[in-house]
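Written below as structure tokens is the structure these notes are about.
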Amino acid sequence: MIDNLYQWTDKRLNISGGSRKLLNKIFPDHWSFMLGEIALYSFVVLVATGIFLTLYFVPSQHEIVYHGPYLPLDGQRVSEAYASTIRLSFQVRAGLLMRQMHHWAANIFVGSIVVHMCRVFFTGGFRRPREFNWIIGVNLLILAIFNGFLGYSLPDDLVSGTGIRIAFSILESLPLVGSYLAVWLFGGNFPGTAIIPRFFIIHVLILPAIIAGLIGAHLFLLVKQKHTQFKGSGATEENVVGAPMYPNFIAKTQGFLFLVTAVTALLAAVVQINPIWQYGPYKPYKVSYAVQPDWYMGWLDGALRVMPSWEIVFPGHMIPNAFFPGILLPGLTFTILMLWPIIEARITKDDVEHHILEEPRNNPLRTAFGAAVLAFYFVLFGASATDVLANYLSVSLNTVLVTFRVLVIAVPLVVFPITYKICVELQHQHRPSKTKRHNIVVRSPEGGYSTIEVKPRPGDERTHLPPIPVDAMVLVGPRTAQAADGASPTNGTDGGRVRGIFKIPRTYR
Amino acid sequence: MGLRLLRKILVPFAAIVVAASMATLLMGRSHVASPTSTPSPSQFSLTAAGSASRKAQLQTGYQLFQVHCSFCHGTRADGSTGIAPNLQGLGPGVVQLWLRTGWMPLKTPGAQPDNKPPAFNDTQIREIALWVASLKKGGVPFPPKLHLNKANVAQGFSLFTLNCAPCHTITGAGDALADGYHAPPLKAVTRHEVYEAVRSGPQNMPQFGPKNITPAQLRDIIKYVVKYIKHPVSPGGISLGGVGPVAEGFVGLFIGVGGCLLAAYWVGDRTERGSEEDQGSGEGPAGEREASHA
């Protein structure tokens, strides 16, 4: 019955023909190829929990009087967005769990994109022909960060409202068009009543649709261009070694979807995130100290904090201070990131297709550069917690701030040479294939030194295997071009030398 | 070495304590608490009643002040320029706040004092405060009886956000301010400390008089602090110290992404790749091959 139905459908839609190729797609086995999947599956979790949240969230800044079980808010005037999020947290069954899963999944989503990007960067997976997929990936990262910020802003609580205020000011700092752009986006001056509904529709509809589309393009290119792979186990530039989509990879990746969901759910069940009832509703005249954005915006917050108060005045027009850390830094960051495959190809003059990945140690310059850049952003992230650090370490906030201004320059400069050196050292590391000869140094009675070569240690002899006897090899392919022409004898020997393609018997491998 | 130093400090200190106790004994007090013992409630009520015991209280306060405070603040609590402020007219509430929080006696001069266990018990603190207050009228009184039953906690939350959160943070975790000052955490404060601090404005904190924050509003704030700042409602699980997204970010990265990475490591293939030894060794464990790229 099911078989008949399938046959009927297949004759009309030709499912089998198209999916045969897809089901046979080979996926490399190594665990580091599953980092992108974490991002993919946390996106699945985000969509699933996000749909649940939209059922209860009211995207409106209309003020109402809250009445509910949380007494410190009972009778306060709050926006409908805030009230509905509080109701979602306290009165909707599983509402708080869903909210926390959504928020943790967002943190994991952006984090796994960054980790995945690091894997691709440090192994050179972005090189020709995969530049397009790298650019799509960087765009996904930007959209993920941006959508995370929008979602963080939606509850209209005191902490996120401060973030929106900062975003408004950063937008305003854009020379010439900034103030127009900010007023256009917010539908008037800050805060207005339009921003939460607008953020909502961008957050739940526009950006997720673009993200889903780009993920589709990302995966389509992945199938079309095939996977990269590390060398070893018979992997060459011409093939992909691994498990096929069906049945091996399907089973593995399904299990992995459940594992990612499980980690997110566990975190959401055990660790509280963004307790907005403790923060209260956003009022433009109220503010809390120690306000930070989520970690993926933290480096921008840190940049705003460590930036010295310079303002450049063009004749007749001043560029506000917030422009440099707030717009120029992320603009440069993502432009360079996106163009990196092209930049690197220009520098190295490498215009060959690559399907075998490099080990980071074998490209010390790129690895050191990447590590230094990562260190730069990590220090900036740390700078977003200057006050928290100053408080915990009982040091003056001013000292911490000045320290971070130094560190943000110094740490990358230190990380670069150290990483470079580590890479070079690792290249010379003792590995199975690079066994060193063991020498004994002796001193003669006259005081001179000389070495005596000794036998290799037990277990190291394999580097000195004897040549395979010619007789043992099996002729499998056509002989040399000459032989195929029939110009020379075809008995497999040519003047005492064997010519042709031979198979080496298993015993000798 | 260290022992001798310790003895050098301890012996005079012990002598002072003994002298002070002797003095109070001579004044006819039956209950003398050493600086480390805690008072019983009966003892407190006993000494608080009657004018004769009031005189005794002033006398003990005087003794304690002379022994422990006068070195910096002067024998008449009028301070010394550049070292210690004049305490006259500040009121007993201020003295009680600084002694109960352990800010005084100061560990090191100059810095903002940290919370530490108080050097005196509550009775002694009250006695010292009474004596200082007897020198000059005015200032912040002892906190009145704070009836919090009718206080409006929602009003308190709103006022806390407006007046306290800008320094103490919205969760009351406390934070560093500029130039080495800090707003202390509010997780362990008592209702009386909140009252005294708001009314007197210690250290960097602004002073809020009754025209700024009315007594009823202050009761609202105090109720919010002692109920919800000290015991935050955290149905979502571990609250990560209430310091917000930085802590959450580290948990999200190290436990969230880290947990997923462990899962990937568990599910995926873990053999080390890339060694030249590996390269020519034929088919791997799952050695299925795909057609060439061309």
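Residues in the structure tokens are numbered from 1 in each chain, the chains being A, B, ... in the order shown, and ligands are numbered from 1 in the order shown.
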
- Message: Using DSSP secondary structure from the backbone, list all helix (DSSP H, G or I) positions within segment 304-362 of chain A, as a PyMOL selection string.
- Response: chain A and resi 304-306+323-348+360-362

- Test item: residues at most 7 Å from Ala84 of chain B, only C-alpha atoms, excluding those fewer than 3 positions along its chain, as a ChimeraX atom specification: /B:72-73,79-81

- Message: Need the shell around segment 145-148 of chain B: protein/DNA/RNA residues with any atom at most 9 Å away, counting only C-alpha atoms. Skip same-chain ones fewer than 6 positions apart. Format as a ChimeraX atom specification?
- Response: /B:191-192,219-220,222-223

Those residues you just picked out, can you put them in a file as a compact mmCIF listing (two decimals), in the first residue's frame with C-alpha atoms?
```
# COMPACT_ATOMS: atom_id res chain seq x y z
CA ARG B 191 16.29 47.22 57.46
CA HIS B 192 17.96 49.58 59.95
CA ARG B 219 9.45 51.96 54.20
CA ASP B 220 8.43 50.81 50.70
CA ILE B 222 13.16 48.93 52.72
CA LYS B 223 10.47 46.31 52.24
```

- Message: Excluding segment 106-114 of chain A and its own-chain neighbours fewer than 4 positions away, which residues fall within 7 Å of it when counting only C-alpha atoms? Please give them as an NGL selection string.
- Response: (:A and (35-36 or 38-39 or 42-43 or 46 or 102 or 118 or 141 or 144-145 or 148)) or (:B and (252-253 or 256-257))

Those selected residues, please, written with C-alpha atoms and delivered as a compact mmCIF listing (two decimals), in the first residue's frame.
```
# COMPACT_ATOMS: atom_id res chain seq x y z
CA LEU A 35 30.39 22.22 14.51
CA GLY A 36 28.18 23.77 11.85
CA ILE A 38 25.43 22.63 16.30
CA ALA A 39 24.50 25.98 14.77
CA SER A 42 20.27 25.33 17.71
CA PHE A 43 18.52 27.26 14.94
CA LEU A 46 15.26 28.61 18.24
CA HIS A 102 15.14 30.24 23.46
CA CYS A 118 37.21 29.26 13.47
CA LEU A 141 26.97 35.36 11.68
CA ALA A 144 22.52 35.91 14.00
CA ILE A 145 24.16 38.61 16.12
CA GLY A 148 19.96 38.05 18.89
CA GLY B 252 26.47 29.89 27.37
CA LEU B 253 29.89 29.59 25.76
CA GLY B 256 26.31 25.47 26.26
CA VAL B 257 28.64 25.46 23.27
```

- So which one's closest to Gly268 of chain B, A:Ala251, A:Val373, A:Met307, A:Val115? Using only C-alpha atoms, please.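 Result for the nearest residue to Gly268 of chain B: A:Ala251.
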
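Each of A:Asn133, A:Ser153, A:Thr123, A:Asn14 was compared to Tyr82 of chain A using only C-alpha atoms, and A:Ser153 turns out to be the nearest.
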
- Name the residues in contact with segment 399-414 of chain A at a cut-off of 12 Å, using only C-alpha atoms, excluding same-chain residues fewer than 5 positions from it; report them as a PyMOL selection string. (chain A and resi 299+302-308+368-394+419-421) or (chain B and resi 176-181)

- Query: Taking into account only C-alpha atoms, which residue in the set A:Glu353, A:Asp29, A:Glu446, A:Asp156 is nearest to chain B?
  - Reply: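 Nearest candidate to chain B out of A:Glu353, A:Asp29, A:Glu446, A:Asp156: A:Asp29.
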
- Query: Using only C-alpha atoms, which of the listed residues (B:Ala173, B:Leu99, B:Cys167, B:Met104) sits closest to chain A?
  - Reply: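 Using only C-alpha atoms, the shortest distance to chain A belongs to B:Cys167.
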
Hey, what's within 10 Å of Gly255 of chain A if we count only C-alpha atoms and toss same-chain stuff fewer than 6 positions away? As an mmCIF file with N, CA, C and O atoms, in the first residue's frame, please?
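Writing the result to result-v9.cif gives the following:
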```cif
data_model
loop_
_atom_site.group_PDB
_atom_site.id
_atom_site.type_symbol
_atom_site.label_atom_id
_atom_site.label_comp_id
_atom_site.auth_asym_id
_atom_site.auth_seq_id
_atom_site.Cartn_x
_atom_site.Cartn_y
_atom_site.Cartn_z
ATOM 1 N N PHE A 249 24.984 8.602 8.071
ATOM 2 C CA PHE A 249 25.038 9.983 8.557
ATOM 3 C C PHE A 249 23.692 10.447 9.091
ATOM 4 O O PHE A 249 23.618 11.175 10.072
ATOM 5 N N THR A 261 19.686 19.627 21.396
ATOM 6 C CA THR A 261 18.452 20.024 22.084
ATOM 7 C C THR A 261 18.538 19.697 23.563
ATOM 8 O O THR A 261 18.102 20.487 24.413
ATOM 9 N N ALA B 263 29.446 16.711 22.844
ATOM 10 C CA ALA B 263 28.527 15.787 22.171
ATOM 11 C C ALA B 263 29.053 15.448 20.781
ATOM 12 O O ALA B 263 29.052 14.280 20.373
ATOM 13 N N VAL B 267 30.068 11.801 19.367
ATOM 14 C CA VAL B 267 29.396 11.174 18.228
ATOM 15 C C VAL B 267 30.370 10.980 17.067
ATOM 16 O O VAL B 267 30.340 9.981 16.370
#
```

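Closest approach to chain B from the set A:Trp310, A:Phe324, A:Phe57, A:Phe33 is made by A:Phe33, with distances taken over only C-alpha atoms.
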
- Query: Out of A:Gly95, A:Pro293, A:Gly280, A:Pro315, which residue has the shortest atom-to-atom distance to Arg77 of chain A when counting only C-alpha atoms?
  - Reply: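 Nearest candidate to Arg77 of chain A out of A:Gly95, A:Pro293, A:Gly280, A:Pro315: A:Gly280.
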
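Scanning segment 121-253 of chain B with DSSP on the backbone, the strand (DSSP E or B) assignments fall on Asp175, Ala176, His182, Ala183 and Ile238 of chain B.
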
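The space separating atom CA of Leu64 of chain B from atom CA of Gln124 of chain B comes to 7.8 Å.
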